[in-house]
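Have a look at the structure below, then the notes.
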Amino acid sequence: MIQRGKHFLQIPGPTNVPDRVLRAMAQPTIDHRGPEFAQLTHEVMEGLKQIFKTSGTVVIYPSSGTGAWEASLVNTLSPGDRVLMYETGFFATQWKNVAVRLGLEVDFIPGDWRSGADPVRVEQKLAEDQEKKIKAVAIVHNETSTGVTSRVAEIRKAMDRAGHPALLLVDTISSLASIDYRHDEWGVDVTVGCSQKGLMLPPGLGFNAISEKALAQSTSARLPKSYWDWEAMIQINSSGFFPFTPATNLLFGLRESIQLLMEEGLENVFLRHHRLGEATRQAVKAWELELLCKNPEEYSDSLTAVLMPEGHNADVFRKLVLEKFNMSLGNGLGKLAGKVFRIGHLGDFNDLMLAGTLSGIEMGLTLSKIPFSKGGVMAALDYLTYH
Ligand SMILES: *Cc1c(COP(=O)(O)O)cnc(C)c1O
């Protein structure tokens, strides 16, 4: 069946790409060793620093987020090093798997996939580590499989209270440019990001923001690396170039998306996401469906994961919504498969797009004969009207 009008891409990444970004990318590819390219590199590096809130170093890879995860580990650690990670959900588990495959010893604090990383448990683990064998703590800031945001600033404080020298590595893939994040102020050593979520770009760019401490540690880190090696990258980046062919047209898009974010102002971007997140939660509450996130302090402003009532499969519901209303919703990942659907409300997104999204969900719930109360759309519209 032919569907007219815009597809609603309401998965929590990749997100909707604004027309201005699409136009910026639709340009002839330029010489990546020429002067025009060096200017582009300098501009996007300066912009990214403002977005990560760092005065330190940022590295850009032509890669998915998974590649940027690997880069954060291979540049800072040595074979057999201990790493403390926290099972917040599917993405934390995937990052843990990367660490294990690289030959690191992972201490994985178990979680219920409904809560964020608990600073108290992190502090306990670090306090027990008298010999300081743990070399890094790795936390997913916004767990995209569950819609739970961990309190990174409090994790930092917990590490400081334990007086532990481990590096702090943070995955901010689905929070960067959507939820407040501060690399320098929060004392993060490596922040991992990528292009296709809050930055409103297609997939294909991965980022590491790097502290002085992580940079110093990288000179003695012995995990094998070649493509991901920071050293050659940082050295060549300083003159505006890359050690290999960069994703030129995605960098055109990145320059434009940074421009969009700066025009709006990062603090306004965060407020917009909070408002849309809160309106979504008002709708779920009115539907009398259950949020997967347990702790209101940890509600994610970039996506909402909704539990399906017993006996109903979320993927059957999502299929109906896609076919009837031309809207993609996020699926349940890992052990949440079939049990939740996820509403992405991040990136290039506004009130009426949310109204459309929630309308499609409410009609889909009715057609799928899922037990729920009507009125979620109205509850969200009321919230948006007065906030
Ligand atoms: C999307 C996502 C990833 C994975 O990124 P890819 O680009 O698919 O490799 C990792 N972590 C989080 C929190 C994510 O949301």
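Ligands are numbered from 1 in the order shown, residues from 1 within each chain, and chains are lettered A, B, ... in the order they appear in the structure tokens.
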Worksheet entry | Selection as a ChimeraX atom specification: residues within 7 Å of ligand 1 by only C-alpha atoms and all ligand atoms | /A:13,64-67,91,140,142-144,171-174,194,203
Discussion item. I want to know what sits within 9 Å of region 253-259 of chain A, based on only C-alpha atoms, with residues of the same chain fewer than 5 positions away left out; could you give that as a PyMOL selection string?
Written reply: chain A and resi 18+20-26+40+43-44+47-48+51+195+199-202+248+264
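You will find CA of Val83 (chain A) at 27.5 Å from CA of Leu292 (chain A).
Of the residues listed (A:Gln282, A:Phe207, A:Leu251, A:Arg151), A:Leu251 shows the shortest atom-to-atom separation from Ala38 (chain A); distances use only C-alpha atoms.
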Fill in: Residues near Lys369 (chain A), cut-off 12 Å, only C-alpha atoms, skip fewer than 2 positions along chain, as a ChimeraX atom specification
/A:308-309,311-313,316-317,320,362-367,371-373
Discussion item. Env of Leu333 (chain A): 9 Å cut, atoms = only C-alpha atoms, seq-sep filter 2 positions within chain, self excluded. Answer as a PyMOL selection string.
Written reply: chain A and resi 89-91+145-146+330-331+335-338+340
Prev. selection, C-alpha atoms, output as a PDB file, in the first residue's frame:
ATOM      1  CA  GLY A  89      19.754  -2.591  30.206  1.00  0.00           C
ATOM      2  CA  PHE A  90      20.516  -3.836  26.694  1.00  0.00           C
ATOM      3  CA  PHE A  91      23.053  -1.153  25.721  1.00  0.00           C
ATOM      4  CA  SER A 145      16.423   0.131  25.887  1.00  0.00           C
ATOM      5  CA  THR A 146      14.560   1.163  29.051  1.00  0.00           C
ATOM      6  CA  GLY A 330      10.953   1.311  19.002  1.00  0.00           C
ATOM      7  CA  ASN A 331      10.905  -2.409  19.804  1.00  0.00           C
ATOM      8  CA  LYS A 335      14.943  -9.689  27.311  1.00  0.00           C
ATOM      9  CA  LEU A 336      12.362  -6.927  26.783  1.00  0.00           C
ATOM     10  CA  ALA A 337      11.513  -8.217  23.258  1.00  0.00           C
ATOM     11  CA  GLY A 338       7.736  -8.185  22.755  1.00  0.00           C
ATOM     12  CA  VAL A 340       7.662  -3.054  25.679  1.00  0.00           C
TER      13      VAL A 340
END
Item to complete: Within 6 Å of Ser63 (chain A), counting only C-alpha atoms, which residues show up once you throw out same-chain ones fewer than 5 positions away? Write them as number ranges by chain, please.
Response: A: 204-206
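Remark: for Arg4 (chain A), the closest of the candidate residues A:Arg182, A:Arg156, A:Lys324, A:Arg342 is A:Lys324 (distances computed over only C-alpha atoms).
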Worksheet entry | strand (DSSP E) positions in region 98-250 of chain A, given as a ChimeraX atom specification | /A:105-109,134-140,142-143,148-149,167-171,190-194,205-210
Discussion item. Just want the 9 Å neighbourhood of Ser78 (chain A), counted on only C-alpha atoms, with same-chain residues fewer than 4 positions away dropped. Output as a PyMOL selection string.
Written reply: chain A and resi 73-74+103-104+220-224
